[in-house]
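Asker: Pasting a structure below so you can have a look.
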Amino acid sequence: WDALREIPPSDIKSAERVLKAASEKFGWTDKVIEWITAAKLSSPTTVFRNISGNTLGLLSAAKRPIEAGVDLFRAASTGKPRAIFFGETWEGAAGAIRGLPAASRNFLDAIMGRRPLQRLQEVVGGPALTGLPGKFARTVFKGVLAPDDFFKTILFEFERHALAFRQAAREGLKGSPRAARVEALLKDTPDEITKAAMGFSREGTYQSRLGEFARAIDKLRHRFPLVMKPIFLFFRTPVNILKVGLKHSMAGPLTFPREFIARMAQGGAEASKA
């Protein structure tokens, strides 16, 4: 995978050569697991669940007005400055619409295999299959990644635009000066806004980094594939769906107490989201 990271996304032939060489290091168990995974992912039910799950992930953007209302109450009751603004919703929605062409390009790039092939590692432990079965498996994996790329781009642009508006509003700007400031931030987006938008898009598509306990189980899946992978064939996405659902429910403070306390202690936007 280190070799794949050094290959430009457009150099598909070099990436395929690396994948072929890497496949020689895998045993028959890896080939069986990869074939089962590809067969499961290619079913219409899985495709429907993937697309519908990503569509539901867009609801993470729809709750922004609620967060702004909570923040307005927090600011009024504590006398502290606002941290989340209602205008973020409309600016974010405009950003999502503006991001549709890029999202469509990313979708097609994934289908055509023009996205970085090292992302296949997120779906399966390695390119174990070669020849026609290998091409089938990787075609399936690309098809699974394509909707993720589409919705991830939409969510990224929503949050990037929303956070640009938030920054301009925090600076006390209104009207035309605020709009000009937002455009300036979008043209030269600060790293902290980009990182926050990437995190938001990963959470909305259920691709966030696993916690320590979940990572330990995931390691066992790869260490004992014949025993663990038939039980936990898909792991990251179901775990993140459960995590996001619990985090944004009434049980969130009890399920994730350390994160809840940290957000409340941080104050501002994080306290309003908590």
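Here's how to read the names in the structure tokens: chain A, B, ... by the order shown, residue numbers from 1 in each chain, ligand numbers from 1 in the order shown.
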Just the alpha helix (DSSP H) stuff from range 189-218 of chain A, please, per backbone DSSP, written as number ranges by chain.
Answerer: A: 191-204, 212-218
Asker: Save out the residues we just selected, C-alpha atoms, as a PDB file, in the first residue's frame.
Answerer:
```pdb
ATOM      1  CA  ASP A 191      -6.670  24.305   6.921  1.00  0.00           C
ATOM      2  CA  GLU A 192      -8.885  24.136  10.013  1.00  0.00           C
ATOM      3  CA  ILE A 193     -12.022  24.623   7.908  1.00  0.00           C
ATOM      4  CA  THR A 194     -10.878  22.018   5.381  1.00  0.00           C
ATOM      5  CA  LYS A 195     -10.111  19.469   8.115  1.00  0.00           C
ATOM      6  CA  ALA A 196     -13.438  20.104   9.844  1.00  0.00           C
ATOM      7  CA  ALA A 197     -15.317  19.722   6.546  1.00  0.00           C
ATOM      8  CA  MET A 198     -13.500  16.459   5.785  1.00  0.00           C
ATOM      9  CA  GLY A 199     -14.398  15.104   9.219  1.00  0.00           C
ATOM     10  CA  PHE A 200     -18.019  16.133   8.700  1.00  0.00           C
ATOM     11  CA  SER A 201     -18.166  14.382   5.311  1.00  0.00           C
ATOM     12  CA  ARG A 202     -16.618  11.194   6.712  1.00  0.00           C
ATOM     13  CA  GLU A 203     -19.096  11.087   9.571  1.00  0.00           C
ATOM     14  CA  GLY A 204     -22.007  11.717   7.199  1.00  0.00           C
ATOM     15  CA  GLU A 212      -9.773   1.795  20.097  1.00  0.00           C
ATOM     16  CA  PHE A 213     -12.147  -1.066  20.953  1.00  0.00           C
ATOM     17  CA  ALA A 214     -13.549  -1.300  17.412  1.00  0.00           C
ATOM     18  CA  ARG A 215     -10.029  -1.172  15.939  1.00  0.00           C
ATOM     19  CA  ALA A 216      -9.032  -4.094  18.160  1.00  0.00           C
ATOM     20  CA  ILE A 217     -11.932  -6.161  16.820  1.00  0.00           C
ATOM     21  CA  ASP A 218     -11.064  -5.113  13.273  1.00  0.00           C
TER      22      ASP A 218
END
```
Asker: Do a neighbour search on range 140-142 of chain A at 6 Å with only C-alpha atoms, toss out local chain neighbours closer than 6 positions, and write the hits as JSON, numbers by chain.
Answerer: {"A": [42, 110, 111]}
Asker: Pick from A:Gly211, A:Gly57, A:Gly79, A:Gly95: nearest to Leu186 in chain A, with only C-alpha atoms counted?
Answerer: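 For Leu186 in chain A, the nearest of the candidates is A:Gly95.
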Asker: Can you work out the spacing between CA of Ser104 in chain A and CA of Leu59 in chain A in Å, to one decimal?
Answerer: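 Interatomic distance here is 19.8 Å.
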Asker: Please provide as a PyMOL selection string all residues within 12 Å of Leu108 in chain A, with the sequence filter that same-chain residues fewer than 4 positions apart are discarded (counting only C-alpha atoms).
Answerer: chain A and resi 101-104+112-115+142-143+145-150
